[in-house]
Structure formats: structure tokens, C-alpha cells
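Trainee: The following block contains the structure, expressed as C-alpha cells.
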Amino acid sequence: MQRQPRGIVCILLSPAMPLDPFEQANQWEQAANVLRAARHVVVFTGAGVSAESGIPTFRDADGLWQEFPPEQFVTWQGLIRTALLRPRRLAAFVQQVIEPIARAEPNAAHRAIERLERHTRVTVVTQNIDGLHEAAGSTTVHAVHGTLFEVVTAQRRFLRLLNRAHLLKMAERLARLRRAWFLPLARVLWTIRPLVGWSWRGFHRPKLVLFGDRLCEPDWSLAVAAIEDCDCVLQIGCSGQVFPAALLTLLAKEQGATVVAIDPNETASDLWLAGAAGEVMPELLHEAFGDSAD
Ligand code: APR
């Protein structure tokens with residue numbers, strides 16, 4: 001894949017039927033064998049890998065998009081319209097996004113993905129913006145949908161880094177603001193100005209990819225290169241409904257890699273290990289390498 005496709009789009013897929021216990025045992029054995037033999041593993045993660053860290057997913061029944069429809073909050077046009085017409089909803093959305101991430105810590109899945117590096121070459125490609133793979137110690141991470149911890153100009157030039165304490169303070173201020181009976185947009189914008197707003201350097205924003213935005217570079221090109229080189233993809237907590245990120249597993253299958261999905265719900269893959277990432281990933285490492293959590 002040479003040219004970067006235009007911004008991210010979303011398609012809808014229907015959930016599949018669960019496997020019988022015998023078939024599940026067979027999938028586990030095959031997955032452990034593939035992982036043990038792999039020379040280069042791409043761990044491709046979505047919101048599901050961080051669910052056990054307390055960060056809501058997007059499309060599950062309790063996901064973010066149930067309360068905050070993406071067309072109102074994840075396009076620049078939608079965000080501006082929401083800000084002007086319903087500033088209190090904007091404050092609620094920003095708080096709901098940043099607070100769980102500010103409070104989150106890596107879970108057993110993130111730690112097992114870091115330990116996988118002791119057994120083979122690993123490239124993490126994540127759709128998540130929560131920085132939990134880096135916090136767990138993974139050394140090669142490509143965040144193709146950006147990160148909440150980097151503030152950039154409108155042209156995506158680096159301005160500054162934020163940490164979880166910055167985000168938590170902002171979230172707590174938003175929570176106090178939302179209890180006021182009168183909440184003008186100016187007060188919301190003043191509260192979130194470290195993350196998004198205007199200064200003498202012009203408009204600044206978090207380094208995030210909204211629908212219609214171009215993916216982050218060089219992360220996207222490096223992710224494609226890793227996919228083209230790998231012999232196994234662990235697809236963890238991804239619904240596979242957002243493109244072009246979801247193309248990565250199709251590209252991997254096209255070049256002969258085996259795709260192993262770790263997810264309570266089945267998604268398109270060669271092998272499917274049904275369950276929560278924080279339970280399945282450590283167990284898979286143990287099955288494949290005799291690894292045990294520290
Ligand atoms: N362990 C593993 N998988 C889980 C867990 C868990 N504990 N909990 C939920 N999942 C799975 C769900 O079954 C689903 O397949 O995680 C997936 C979450 O899907 P989405 O909410 O669609 O999240 P994601 O695939 O990351 O969305 C991709 O869409 O909205 C955009 O930019 C946003 O990066 C995001 C992209």
C-alpha cells in the first residue's frame with residue numbers, strides 16, 4: 001500500500017456466532033504454535049485492549065458513541081456545531097474522553113504485550129490514543145489515530161506534551177463547571193485551552209485523527225511496513241469497522257501472515273480466541289512460551 005488513503009471512515013458489520021469448546025481449544029493450540037514460530041509479530045490493538053483499564057470502547061453497548069453520536073463529536077464540523085449550540089454537551093464529551101484516560105493504568109493485556117518482546121520481534125500498531133502501550137513499556141508503538149498527550153498546531157507541528165495529571169486536572173475542572181446552572185461556551189473553552197484553543201501561535205489541538213482527517217505519519221507508513229514484514233498479527237479489541245486502519249489485517253492476510261483475533265466478539269480473522277484481552281493475552285503467552293506474569 002503506497003499512498004495514504006484519505007481520512008478515516010466507518011462501516012458496520014454484524015456480530016458472528018460463538019465457537020464450540022472443542023473448536024476453541026483447537027484455535028488456542030494453533031494460535032500458540034503460530035506465535036511461537038513467528039519471527040515478527042504485529043500487535044494491532046483497538047479500544048477493547050484498554051477496556052479493562054476503565055476506558056470505554058466506542059461501539060459496545062456501553063460505548064462512547066452510545067451517548068455521544070460520532071457525527072456530532074468526531075468531525076470538526078460536528079464539534080464546532082455542538083460547541084456553539086450545546087456547550088454543556090461539549091464539556092460532558094471532553095470530560096468523558098479525558099478522565100478515564102487520565103486515571104487509566106496499563107492492564108494485564110498491555111503488560112503481556114510488553115513481555116512478548118522477550119520472545120520475538122514485536123511492533124505495536126494501535127488505534128488508541130491513551131498511551132497505555134508506552135506506559136506498559138512496549139518499545140515500538142505506532143499510534144495511527146494519534147495521541148491525547150501531544151498538542152500540535154493546525155498543521156500538526158509539535159507544540160508540547162501533556163501528562164495524565166494535566167488531563168485529570170482539566171477533567172475535574174470540567175466536572176465542577178458542569179454543576180453550574182449557567183455554562184457559557186467561553187468558560188468551557190477557557191478550561192480546555194491547554195488541550196485545544198488559540199494562542200499567539202494560532203490554533204492548537206491534540207494530535208488526534210478525527211473522521212475525515214489524514215492518519216498520523218510516520219506512524220501509518222511504519223505500521224504498513226511492519227504489516228508487510230510480519231508473519232503473525234494479534235488483533236486485540238478491534239471491531240474492524242474503521243478504515244483505513246482495518247485494512248491492515250487484510251493486507252497482512254494478503255501477504256501470508258496469520259491473523260489471530262482476541263475479542264469477546266468474533267471479528268474477521270484466521271483464528272479467534274474468545275475472551276477479554278486481560279485474561280486471554282497472558283494465557284496465550286504462557287501457552288506459547290511458558291511465560292508467567294511478573
Ligand atoms: N478485551 C478484548 N476486546 C474487547 C474487550 C475486552 N475486554 N471489550 C470489548 N472488546 C472488543 C469489542 O468486542 C469490539 O470488537 O473491542 C472492540 C471495540 O470496538 P470499537 O468500540 O469499535 O473500538 P475500535 O475497534 O478501537 O474502533 C476503531 O473507531 O471510533 C473510531 O477512532 C475511533 O480508534 C477508534 C476506531
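By convention here, the chains of the C-alpha cells are called A, B, ... in the order presented, each chain's residues are numbered starting at 1, and ligands are numbered starting at 1 in the order presented.
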For ligand 1, collect every residue having any atom at a distance of at most 7 Å from a ligand atom (counting only C-alpha atoms and all ligand atoms); output as a ChimeraX atom specification.

Mentor: /A:45-49,51-52,57-60,63,127-128,145,210,236-242,262-265,267,275-278

Trainee: For the selection just defined, write its residues with C-alpha atoms to a file, as a PDB file, in the first residue's frame.

Mentor:
ATOM      1  CA  THR A  45      -4.990  -3.014  19.102  1.00  0.00           C
ATOM      2  CA  GLY A  46      -8.272  -1.158  19.396  1.00  0.00           C
ATOM      3  CA  ALA A  47     -10.365   0.185  22.269  1.00  0.00           C
ATOM      4  CA  GLY A  48     -11.031  -3.332  23.614  1.00  0.00           C
ATOM      5  CA  VAL A  49      -7.439  -3.742  24.831  1.00  0.00           C
ATOM      6  CA  ALA A  51     -11.474  -1.698  28.349  1.00  0.00           C
ATOM      7  CA  GLU A  52     -10.086  -3.435  31.471  1.00  0.00           C
ATOM      8  CA  THR A  57     -14.890   1.358  23.985  1.00  0.00           C
ATOM      9  CA  PHE A  58     -16.771   3.140  21.206  1.00  0.00           C
ATOM     10  CA  ARG A  59     -19.320   0.676  19.766  1.00  0.00           C
ATOM     11  CA  ASP A  60     -20.130  -1.686  22.656  1.00  0.00           C
ATOM     12  CA  GLY A  63     -19.559   2.527  24.449  1.00  0.00           C
ATOM     13  CA  GLN A 127      -5.860   2.842  17.154  1.00  0.00           C
ATOM     14  CA  ASN A 128      -5.941   4.020  20.774  1.00  0.00           C
ATOM     15  CA  HIS A 145      -5.088   7.616  15.294  1.00  0.00           C
ATOM     16  CA  LEU A 210     -10.956  12.661  13.609  1.00  0.00           C
ATOM     17  CA  ILE A 236      -6.788  -7.320  20.084  1.00  0.00           C
ATOM     18  CA  GLY A 237     -10.037  -5.480  20.874  1.00  0.00           C
ATOM     19  CA  CYS A 238     -10.721  -4.159  17.370  1.00  0.00           C
ATOM     20  CA  SER A 239     -14.204  -4.131  15.815  1.00  0.00           C
ATOM     21  CA  GLY A 240     -12.659  -3.842  12.343  1.00  0.00           C
ATOM     22  CA  GLN A 241     -15.258  -1.243  11.395  1.00  0.00           C
ATOM     23  CA  VAL A 242     -12.982   1.738  10.815  1.00  0.00           C
ATOM     24  CA  ILE A 262      -8.520 -11.719  20.775  1.00  0.00           C
ATOM     25  CA  ASP A 263     -12.000 -10.384  21.481  1.00  0.00           C
ATOM     26  CA  PRO A 264     -15.219 -11.480  23.273  1.00  0.00           C
ATOM     27  CA  ASN A 265     -16.948 -10.992  19.890  1.00  0.00           C
ATOM     28  CA  THR A 267     -14.250 -10.433  14.041  1.00  0.00           C
ATOM     29  CA  GLY A 275     -12.478 -13.545  25.751  1.00  0.00           C
ATOM     30  CA  ALA A 276     -11.246 -10.412  27.448  1.00  0.00           C
ATOM     31  CA  ALA A 277      -7.759  -9.226  26.452  1.00  0.00           C
ATOM     32  CA  GLY A 278      -6.567  -9.044  30.064  1.00  0.00           C
TER      33      GLY A 278
END

Trainee: Name the residues in contact with Pro206 of chain A at a cut-off of 10 Å, using only C-alpha atoms, excluding same-chain residues fewer than 5 positions from it; report them as a list in words.

Mentor: Ile129, Gly146, Thr147, Leu148, Phe149, Glu150, Val151, Val152, Thr153, Ala154, Arg156, Phe158, Leu159, Arg160, Leu161, Leu162, Pro194, Leu195, Val196 and Gly197 of chain A

Trainee: Restricted to all heavy atoms, what would the selected residues look like written as a short mmCIF file (atom, residue, chain, number, x, y, z; two decimals), in the first residue's frame?

Mentor:
data_model
loop_
_atom_site.label_atom_id
_atom_site.label_comp_id
_atom_site.auth_asym_id
_atom_site.auth_seq_id
_atom_site.Cartn_x
_atom_site.Cartn_y
_atom_site.Cartn_z
N ILE A 129 -5.60 6.19 21.75
CA ILE A 129 -4.92 7.49 21.98
C ILE A 129 -4.50 7.62 23.44
O ILE A 129 -4.14 8.69 23.90
CB ILE A 129 -5.88 8.65 21.61
CG1 ILE A 129 -7.14 8.63 22.51
CG2 ILE A 129 -6.25 8.61 20.14
CD1 ILE A 129 -8.06 9.83 22.35
N GLY A 146 -3.32 8.79 16.50
CA GLY A 146 -2.77 9.89 17.28
C GLY A 146 -2.75 9.60 18.77
O GLY A 146 -2.92 8.48 19.22
N THR A 147 -2.52 10.68 19.54
CA THR A 147 -2.39 10.56 20.99
C THR A 147 -2.96 11.80 21.67
O THR A 147 -2.88 12.90 21.14
CB THR A 147 -0.91 10.40 21.40
OG1 THR A 147 -0.83 10.49 22.83
CG2 THR A 147 -0.03 11.50 20.80
N LEU A 148 -3.52 11.58 22.86
CA LEU A 148 -4.10 12.69 23.62
C LEU A 148 -3.00 13.47 24.34
O LEU A 148 -3.23 14.56 24.87
CB LEU A 148 -5.10 12.13 24.64
CG LEU A 148 -6.16 13.05 25.23
CD1 LEU A 148 -6.95 13.74 24.14
CD2 LEU A 148 -7.08 12.28 26.15
N PHE A 149 -1.78 12.96 24.36
CA PHE A 149 -0.70 13.53 25.17
C PHE A 149 0.22 14.46 24.41
O PHE A 149 1.23 14.93 24.93
CB PHE A 149 0.10 12.40 25.83
CG PHE A 149 -0.74 11.55 26.73
CD1 PHE A 149 -1.30 10.37 26.27
CD2 PHE A 149 -1.04 11.96 28.02
CE1 PHE A 149 -2.12 9.60 27.08
CE2 PHE A 149 -1.86 11.20 28.85
CZ PHE A 149 -2.40 10.01 28.38
N GLU A 150 -0.13 14.73 23.14
CA GLU A 150 0.71 15.65 22.35
C GLU A 150 -0.19 16.74 21.77
O GLU A 150 -1.23 16.45 21.18
CB GLU A 150 1.38 14.85 21.22
CG GLU A 150 2.50 15.59 20.55
CD GLU A 150 3.26 14.71 19.55
OE1 GLU A 150 3.37 13.48 19.77
OE2 GLU A 150 3.69 15.27 18.52
N VAL A 151 0.21 18.00 21.98
CA VAL A 151 -0.54 19.14 21.45
C VAL A 151 0.22 19.68 20.24
O VAL A 151 1.44 19.83 20.29
CB VAL A 151 -0.71 20.24 22.51
CG1 VAL A 151 -1.44 21.45 21.94
CG2 VAL A 151 -1.48 19.69 23.72
N VAL A 152 -0.52 19.90 19.14
CA VAL A 152 0.10 20.33 17.89
C VAL A 152 -0.64 21.53 17.32
O VAL A 152 -1.74 21.87 17.77
CB VAL A 152 0.09 19.18 16.85
CG1 VAL A 152 0.94 18.00 17.30
CG2 VAL A 152 -1.34 18.71 16.57
N THR A 153 -0.01 22.16 16.30
CA THR A 153 -0.68 23.28 15.62
C THR A 153 -1.69 22.71 14.62
O THR A 153 -1.78 21.49 14.44
CB THR A 153 0.35 24.11 14.83
OG1 THR A 153 0.87 23.25 13.78
CG2 THR A 153 1.49 24.57 15.71
N ALA A 154 -2.42 23.59 13.96
CA ALA A 154 -3.39 23.14 12.95
C ALA A 154 -2.69 22.36 11.84
O ALA A 154 -3.29 21.50 11.20
CB ALA A 154 -4.12 24.36 12.38
N ARG A 156 -0.33 20.30 12.44
CA ARG A 156 0.23 19.15 13.14
C ARG A 156 1.72 19.32 13.46
O ARG A 156 2.45 18.34 13.56
CB ARG A 156 0.00 17.84 12.35
CG ARG A 156 -1.41 17.26 12.53
CD ARG A 156 -1.49 15.83 12.05
NE ARG A 156 -2.88 15.36 12.00
CZ ARG A 156 -3.26 14.28 11.31
NH1 ARG A 156 -2.37 13.61 10.62
NH2 ARG A 156 -4.52 13.88 11.30
N PHE A 158 4.56 19.99 16.22
CA PHE A 158 4.62 19.77 17.67
C PHE A 158 4.66 21.07 18.45
O PHE A 158 5.39 22.00 18.10
CB PHE A 158 5.87 18.94 18.01
CG PHE A 158 6.05 18.76 19.50
CD1 PHE A 158 5.34 17.77 20.18
CD2 PHE A 158 6.90 19.58 20.23
CE1 PHE A 158 5.48 17.60 21.55
CE2 PHE A 158 7.05 19.42 21.60
CZ PHE A 158 6.34 18.43 22.27
N LEU A 159 3.84 21.13 19.52
CA LEU A 159 3.88 22.30 20.43
C LEU A 159 4.35 21.89 21.81
O LEU A 159 5.30 22.44 22.36
CB LEU A 159 2.49 22.93 20.54
CG LEU A 159 2.08 23.92 19.43
CD1 LEU A 159 0.69 24.46 19.71
CD2 LEU A 159 3.08 25.05 19.29
N ARG A 160 3.63 20.89 22.43
CA ARG A 160 4.03 20.49 23.79
C ARG A 160 3.42 19.14 24.14
O ARG A 160 2.53 18.64 23.44
CB ARG A 160 3.56 21.53 24.81
CG ARG A 160 2.06 21.71 24.89
CD ARG A 160 1.65 22.70 26.00
NE ARG A 160 0.25 23.09 25.81
CZ ARG A 160 -0.15 24.10 25.04
NH1 ARG A 160 0.74 24.84 24.40
NH2 ARG A 160 -1.43 24.41 24.88
N LEU A 161 3.93 18.56 25.23
CA LEU A 161 3.39 17.29 25.73
C LEU A 161 2.51 17.57 26.95
O LEU A 161 2.73 18.53 27.69
CB LEU A 161 4.54 16.35 26.13
CG LEU A 161 5.43 15.83 24.98
CD1 LEU A 161 6.58 15.00 25.54
CD2 LEU A 161 4.60 15.00 23.98
N LEU A 162 1.50 16.73 27.12
CA LEU A 162 0.67 16.75 28.34
C LEU A 162 0.87 15.42 29.04
O LEU A 162 1.29 14.43 28.42
CB LEU A 162 -0.82 16.93 27.98
CG LEU A 162 -1.22 18.25 27.29
CD1 LEU A 162 -2.72 18.20 26.92
CD2 LEU A 162 -0.93 19.45 28.18
N PRO A 194 -5.53 24.26 27.47
CA PRO A 194 -4.22 23.57 27.33
C PRO A 194 -4.26 22.48 26.25
O PRO A 194 -3.25 22.14 25.65
CB PRO A 194 -3.98 22.95 28.71
CG PRO A 194 -4.86 23.72 29.65
CD PRO A 194 -6.06 24.13 28.85
N LEU A 195 -5.49 21.96 26.02
CA LEU A 195 -5.62 20.84 25.07
C LEU A 195 -6.02 21.34 23.68
O LEU A 195 -5.48 20.88 22.67
CB LEU A 195 -6.71 19.90 25.59
CG LEU A 195 -6.84 18.50 24.98
CD1 LEU A 195 -5.56 17.69 25.11
CD2 LEU A 195 -8.01 17.76 25.61
N VAL A 196 -6.96 22.28 23.65
CA VAL A 196 -7.43 22.80 22.35
C VAL A 196 -7.83 24.25 22.51
O VAL A 196 -8.41 24.64 23.52
CB VAL A 196 -8.63 21.95 21.85
CG1 VAL A 196 -9.80 21.99 22.81
CG2 VAL A 196 -9.06 22.37 20.46
N GLY A 197 -7.40 25.09 21.52
CA GLY A 197 -7.77 26.51 21.63
C GLY A 197 -6.84 27.37 20.80
O GLY A 197 -6.18 26.87 19.87
#

Trainee: Would you mind listing what lies within 9 Å of Thr249 of chain A as a PyMOL selection string, with only C-alpha atoms counted and same-chain residues fewer than 5 positions away left out?

Mentor: chain A and resi 44+227+233+235+240+254+257+259+268-269

Trainee: For the residues in the current selection, export C-alpha atoms as a PDB file, in the first residue's frame.

Mentor:
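Dumped to out_24.pdb:
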ATOM      1  CA  PHE A  44      -2.826  -4.457  16.334  1.00  0.00           C
ATOM      2  CA  ILE A 227       2.414  -5.427   8.442  1.00  0.00           C
ATOM      3  CA  VAL A 233      -0.922 -10.295  13.656  1.00  0.00           C
ATOM      4  CA  GLN A 235      -5.667  -8.252  16.570  1.00  0.00           C
ATOM      5  CA  GLY A 240     -12.659  -3.842  12.343  1.00  0.00           C
ATOM      6  CA  GLU A 254      -2.770 -10.936   1.658  1.00  0.00           C
ATOM      7  CA  ALA A 257       0.559 -13.642   7.759  1.00  0.00           C
ATOM      8  CA  VAL A 259      -4.320 -13.079  11.944  1.00  0.00           C
ATOM      9  CA  ALA A 268     -12.741 -11.353  10.659  1.00  0.00           C
ATOM     10  CA  SER A 269      -9.552 -13.379  11.369  1.00  0.00           C
TER      11      SER A 269
END

Trainee: Could you pull out all residues of segment 208-257 of chain A with a DSSP call of helix (DSSP H, G or I) and give them as a list in words?

Mentor: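 Of segment 208-257 of chain A, the ones in helix (DSSP H, G or I) are Asp219, Trp220, Ser221, Leu222, Ala223, Val224, Ala225, Ala226, Ile227, Glu228, Asp229, Leu247, Leu248, Thr249, Leu250, Leu251, Ala252, Lys253 and Glu254 of chain A.
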
Trainee: Tell me which of A:Leu79, A:Arg89, A:Cys232, A:Asp20 sits closest to Thr120 of chain A, counting only C-alpha atoms.

Mentor: A:Cys232

Trainee: Would you please extract all strand (DSSP E) residues from segment 119-227 of chain A, as assigned by DSSP on the backbone, and give them as a PDB file with N, CA and C atoms, in the first residue's frame?

Mentor:
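New file part06.pdb:
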ATOM      1  N   ARG A 121      10.338 -10.461  17.849  1.00  0.00           N
ATOM      2  CA  ARG A 121      10.272  -9.058  17.453  1.00  0.00           C
ATOM      3  C   ARG A 121       8.804  -8.622  17.450  1.00  0.00           C
ATOM      4  N   VAL A 122       8.498  -7.494  18.095  1.00  0.00           N
ATOM      5  CA  VAL A 122       7.099  -7.030  18.225  1.00  0.00           C
ATOM      6  C   VAL A 122       6.980  -5.586  17.751  1.00  0.00           C
ATOM      7  N   THR A 123       5.971  -5.323  16.916  1.00  0.00           N
ATOM      8  CA  THR A 123       5.591  -3.948  16.575  1.00  0.00           C
ATOM      9  C   THR A 123       4.144  -3.762  17.010  1.00  0.00           C
ATOM     10  N   VAL A 124       3.907  -2.787  17.876  1.00  0.00           N
ATOM     11  CA  VAL A 124       2.525  -2.489  18.295  1.00  0.00           C
ATOM     12  C   VAL A 124       1.972  -1.396  17.384  1.00  0.00           C
ATOM     13  N   VAL A 125       0.819  -1.680  16.768  1.00  0.00           N
ATOM     14  CA  VAL A 125       0.092  -0.665  15.992  1.00  0.00           C
ATOM     15  C   VAL A 125      -1.238  -0.470  16.692  1.00  0.00           C
ATOM     16  N   THR A 126      -1.472   0.735  17.202  1.00  0.00           N
ATOM     17  CA  THR A 126      -2.693   0.917  17.989  1.00  0.00           C
ATOM     18  C   THR A 126      -3.568   2.010  17.398  1.00  0.00           C
ATOM     19  N   VAL A 141       5.847   1.413  19.181  1.00  0.00           N
ATOM     20  CA  VAL A 141       4.397   1.648  19.168  1.00  0.00           C
ATOM     21  C   VAL A 141       4.078   2.683  18.092  1.00  0.00           C
ATOM     22  N   HIS A 142       3.169   2.342  17.177  1.00  0.00           N
ATOM     23  CA  HIS A 142       2.712   3.314  16.167  1.00  0.00           C
ATOM     24  C   HIS A 142       1.235   3.607  16.431  1.00  0.00           C
ATOM     25  N   ALA A 143       0.967   4.847  16.878  1.00  0.00           N
ATOM     26  CA  ALA A 143      -0.419   5.235  17.215  1.00  0.00           C
ATOM     27  C   ALA A 143      -1.024   5.907  15.985  1.00  0.00           C
ATOM     28  N   GLY A 146      -3.321   8.788  16.498  1.00  0.00           N
ATOM     29  CA  GLY A 146      -2.771   9.890  17.283  1.00  0.00           C
ATOM     30  C   GLY A 146      -2.748   9.604  18.775  1.00  0.00           C
ATOM     31  N   THR A 147      -2.522  10.677  19.538  1.00  0.00           N
ATOM     32  CA  THR A 147      -2.389  10.561  20.985  1.00  0.00           C
ATOM     33  C   THR A 147      -2.965  11.796  21.665  1.00  0.00           C
ATOM     34  N   LEU A 148      -3.523  11.581  22.858  1.00  0.00           N
ATOM     35  CA  LEU A 148      -4.095  12.694  23.623  1.00  0.00           C
ATOM     36  C   LEU A 148      -2.995  13.471  24.341  1.00  0.00           C
ATOM     37  N   PHE A 149      -1.778  12.955  24.356  1.00  0.00           N
ATOM     38  CA  PHE A 149      -0.705  13.532  25.173  1.00  0.00           C
ATOM     39  C   PHE A 149       0.219  14.457  24.408  1.00  0.00           C
ATOM     40  N   GLU A 150      -0.130  14.733  23.145  1.00  0.00           N
ATOM     41  CA  GLU A 150       0.707  15.647  22.349  1.00  0.00           C
ATOM     42  C   GLU A 150      -0.186  16.742  21.766  1.00  0.00           C
ATOM     43  N   VAL A 151       0.211  18.001  21.983  1.00  0.00           N
ATOM     44  CA  VAL A 151      -0.541  19.145  21.448  1.00  0.00           C
ATOM     45  C   VAL A 151       0.215  19.680  20.236  1.00  0.00           C
ATOM     46  N   VAL A 152      -0.523  19.900  19.144  1.00  0.00           N
ATOM     47  CA  VAL A 152       0.103  20.330  17.886  1.00  0.00           C
ATOM     48  C   VAL A 152      -0.644  21.530  17.316  1.00  0.00           C
ATOM     49  N   THR A 153      -0.012  22.163  16.300  1.00  0.00           N
ATOM     50  CA  THR A 153      -0.684  23.283  15.621  1.00  0.00           C
ATOM     51  C   THR A 153      -1.691  22.715  14.621  1.00  0.00           C
ATOM     52  N   PHE A 158       4.556  19.994  16.224  1.00  0.00           N
ATOM     53  CA  PHE A 158       4.622  19.765  17.671  1.00  0.00           C
ATOM     54  C   PHE A 158       4.659  21.074  18.450  1.00  0.00           C
ATOM     55  N   LEU A 159       3.845  21.134  19.525  1.00  0.00           N
ATOM     56  CA  LEU A 159       3.881  22.300  20.428  1.00  0.00           C
ATOM     57  C   LEU A 159       4.346  21.893  21.815  1.00  0.00           C
ATOM     58  N   ARG A 160       3.629  20.891  22.431  1.00  0.00           N
ATOM     59  CA  ARG A 160       4.029  20.492  23.786  1.00  0.00           C
ATOM     60  C   ARG A 160       3.417  19.136  24.135  1.00  0.00           C
ATOM     61  N   LEU A 161       3.933  18.563  25.227  1.00  0.00           N
ATOM     62  CA  LEU A 161       3.390  17.293  25.731  1.00  0.00           C
ATOM     63  C   LEU A 161       2.511  17.567  26.949  1.00  0.00           C
ATOM     64  N   GLY A 197      -7.402  25.091  21.520  1.00  0.00           N
ATOM     65  CA  GLY A 197      -7.772  26.506  21.630  1.00  0.00           C
ATOM     66  C   GLY A 197      -6.842  27.369  20.795  1.00  0.00           C
ATOM     67  N   TRP A 198      -6.804  28.647  21.125  1.00  0.00           N
ATOM     68  CA  TRP A 198      -5.986  29.598  20.358  1.00  0.00           C
ATOM     69  C   TRP A 198      -4.969  30.245  21.286  1.00  0.00           C
ATOM     70  N   SER A 199      -3.799  30.575  20.740  1.00  0.00           N
ATOM     71  CA  SER A 199      -2.792  31.344  21.490  1.00  0.00           C
ATOM     72  C   SER A 199      -2.051  32.200  20.478  1.00  0.00           C
ATOM     73  N   GLY A 202      -1.391  30.724  17.246  1.00  0.00           N
ATOM     74  CA  GLY A 202      -2.508  30.274  16.418  1.00  0.00           C
ATOM     75  C   GLY A 202      -3.294  29.169  17.101  1.00  0.00           C
ATOM     76  N   PHE A 203      -4.054  28.391  16.282  1.00  0.00           N
ATOM     77  CA  PHE A 203      -4.915  27.334  16.820  1.00  0.00           C
ATOM     78  C   PHE A 203      -4.071  26.121  17.201  1.00  0.00           C
ATOM     79  N   HIS A 204      -4.366  25.515  18.364  1.00  0.00           N
ATOM     80  CA  HIS A 204      -3.697  24.262  18.728  1.00  0.00           C
ATOM     81  C   HIS A 204      -4.738  23.217  19.122  1.00  0.00           C
ATOM     82  N   ARG A 205      -4.354  21.945  19.078  1.00  0.00           N
ATOM     83  CA  ARG A 205      -5.307  20.853  19.284  1.00  0.00           C
ATOM     84  C   ARG A 205      -4.521  19.611  19.655  1.00  0.00           C
ATOM     85  N   PRO A 206      -5.171  18.577  20.180  1.00  0.00           N
ATOM     86  CA  PRO A 206      -4.433  17.339  20.456  1.00  0.00           C
ATOM     87  C   PRO A 206      -4.111  16.648  19.128  1.00  0.00           C
ATOM     88  N   LYS A 207      -3.041  15.875  19.079  1.00  0.00           N
ATOM     89  CA  LYS A 207      -2.635  15.181  17.856  1.00  0.00           C
ATOM     90  C   LYS A 207      -3.529  13.955  17.681  1.00  0.00           C
ATOM     91  N   LEU A 208      -4.807  14.235  17.330  1.00  0.00           N
ATOM     92  CA  LEU A 208      -5.796  13.162  17.159  1.00  0.00           C
ATOM     93  C   LEU A 208      -6.270  13.138  15.711  1.00  0.00           C
TER      94      LEU A 208
END

Trainee: Neighbours of Leu183 of chain A within 8 Å (only C-alpha atoms; same-chain residues fewer than 5 positions away dropped), as a VMD selection string?

Mentor: chain A and resid 87 to 88 177 to 178 188

Trainee: How would the residues just chosen look if you wrote them out with N, CA and C atoms as a PDB file, in the first residue's frame?

Mentor:
ATOM      1  N   PRO A  87     -22.834  23.923  24.490  1.00  0.00           N
ATOM      2  CA  PRO A  87     -21.519  23.881  25.178  1.00  0.00           C
ATOM      3  C   PRO A  87     -21.478  22.893  26.352  1.00  0.00           C
ATOM      4  N   ARG A  88     -22.611  22.701  27.024  1.00  0.00           N
ATOM      5  CA  ARG A  88     -22.622  21.756  28.151  1.00  0.00           C
ATOM      6  C   ARG A  88     -22.362  20.327  27.663  1.00  0.00           C
ATOM      7  N   LEU A 177     -17.458  22.695  36.545  1.00  0.00           N
ATOM      8  CA  LEU A 177     -18.179  23.623  35.645  1.00  0.00           C
ATOM      9  C   LEU A 177     -19.581  23.089  35.338  1.00  0.00           C
ATOM     10  N   ARG A 178     -19.677  21.800  35.105  1.00  0.00           N
ATOM     11  CA  ARG A 178     -20.953  21.204  34.669  1.00  0.00           C
ATOM     12  C   ARG A 178     -22.004  21.238  35.757  1.00  0.00           C
ATOM     13  N   VAL A 188     -16.086  26.904  28.983  1.00  0.00           N
ATOM     14  CA  VAL A 188     -15.628  25.561  28.597  1.00  0.00           C
ATOM     15  C   VAL A 188     -14.298  25.671  27.853  1.00  0.00           C
TER      16      VAL A 188
END

Trainee: For Pro282 of chain A, work out the shell of residues within 8 Å, counting only C-alpha atoms and skipping chain neighbours fewer than 6 positions away, then give it as a PyMOL selection string.

Mentor: chain A and resi 108-109+112+291-293

Trainee: Kindly save the residues from that selection, with N, CA and C atoms included, as a PDB file, in the first residue's frame.

Mentor:
ATOM      1  N   ALA A 108      -3.391  -6.152  32.395  1.00  0.00           N
ATOM      2  CA  ALA A 108      -2.612  -7.388  32.169  1.00  0.00           C
ATOM      3  C   ALA A 108      -2.339  -7.621  30.686  1.00  0.00           C
ATOM      4  N   ALA A 109      -3.228  -7.126  29.827  1.00  0.00           N
ATOM      5  CA  ALA A 109      -3.002  -7.315  28.376  1.00  0.00           C
ATOM      6  C   ALA A 109      -1.833  -6.443  27.907  1.00  0.00           C
ATOM      7  N   ALA A 112       1.334  -7.992  29.149  1.00  0.00           N
ATOM      8  CA  ALA A 112       1.705  -9.228  28.431  1.00  0.00           C
ATOM      9  C   ALA A 112       2.248  -8.883  27.048  1.00  0.00           C
ATOM     10  N   ASP A 291       5.583 -18.425  29.504  1.00  0.00           N
ATOM     11  CA  ASP A 291       5.760 -17.128  30.185  1.00  0.00           C
ATOM     12  C   ASP A 291       4.758 -17.012  31.326  1.00  0.00           C
ATOM     13  N   SER A 292       5.194 -16.379  32.448  1.00  0.00           N
ATOM     14  CA  SER A 292       4.205 -16.095  33.502  1.00  0.00           C
ATOM     15  C   SER A 292       4.367 -14.638  33.897  1.00  0.00           C
ATOM     16  N   ALA A 293       3.243 -14.018  34.272  1.00  0.00           N
ATOM     17  CA  ALA A 293       3.267 -12.598  34.630  1.00  0.00           C
ATOM     18  C   ALA A 293       4.269 -12.395  35.767  1.00  0.00           C
TER      19      ALA A 293
END

Trainee: Please report the interatomic distance between atom CA of Gly78 of chain A and atom CA of Arg164 of chain A in Å with one decimal.

Mentor: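 These atoms are spaced 26.4 Å apart.
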
Trainee: Within 6 Å of segment 134-139 of chain A, which residues of segment 58-129 of chain A come that close, and what is the closest atom pair and distance in Å for each? Count only C-alpha atoms and give it as a Markdown table.

Mentor:
| residue | atom | partner | partner_atom | distance |
| --- | --- | --- | --- | --- |
| A:Pro106 | CA | A:Ala136 | CA | 5.7 |
| A:His110 | CA | A:Ala136 | CA | 5.9 |
| A:Arg111 | CA | A:Ala136 | CA | 5.5 |
| A:Glu114 | CA | A:Ser138 | CA | 4.7 |

Trainee: For Ala226 of chain A, find every residue with an atom within 7 Å (counting only C-alpha atoms), except residues of its own chain fewer than 4 positions away, and show them as a list in words.

Mentor: Val42, Thr123, Leu222 and Cys230 of chain A

Trainee: State, in Å with one decimal place, the distance from atom CA of Ile98 of chain A to atom CA of Glu71 of chain A.

Mentor: 19.0 Å
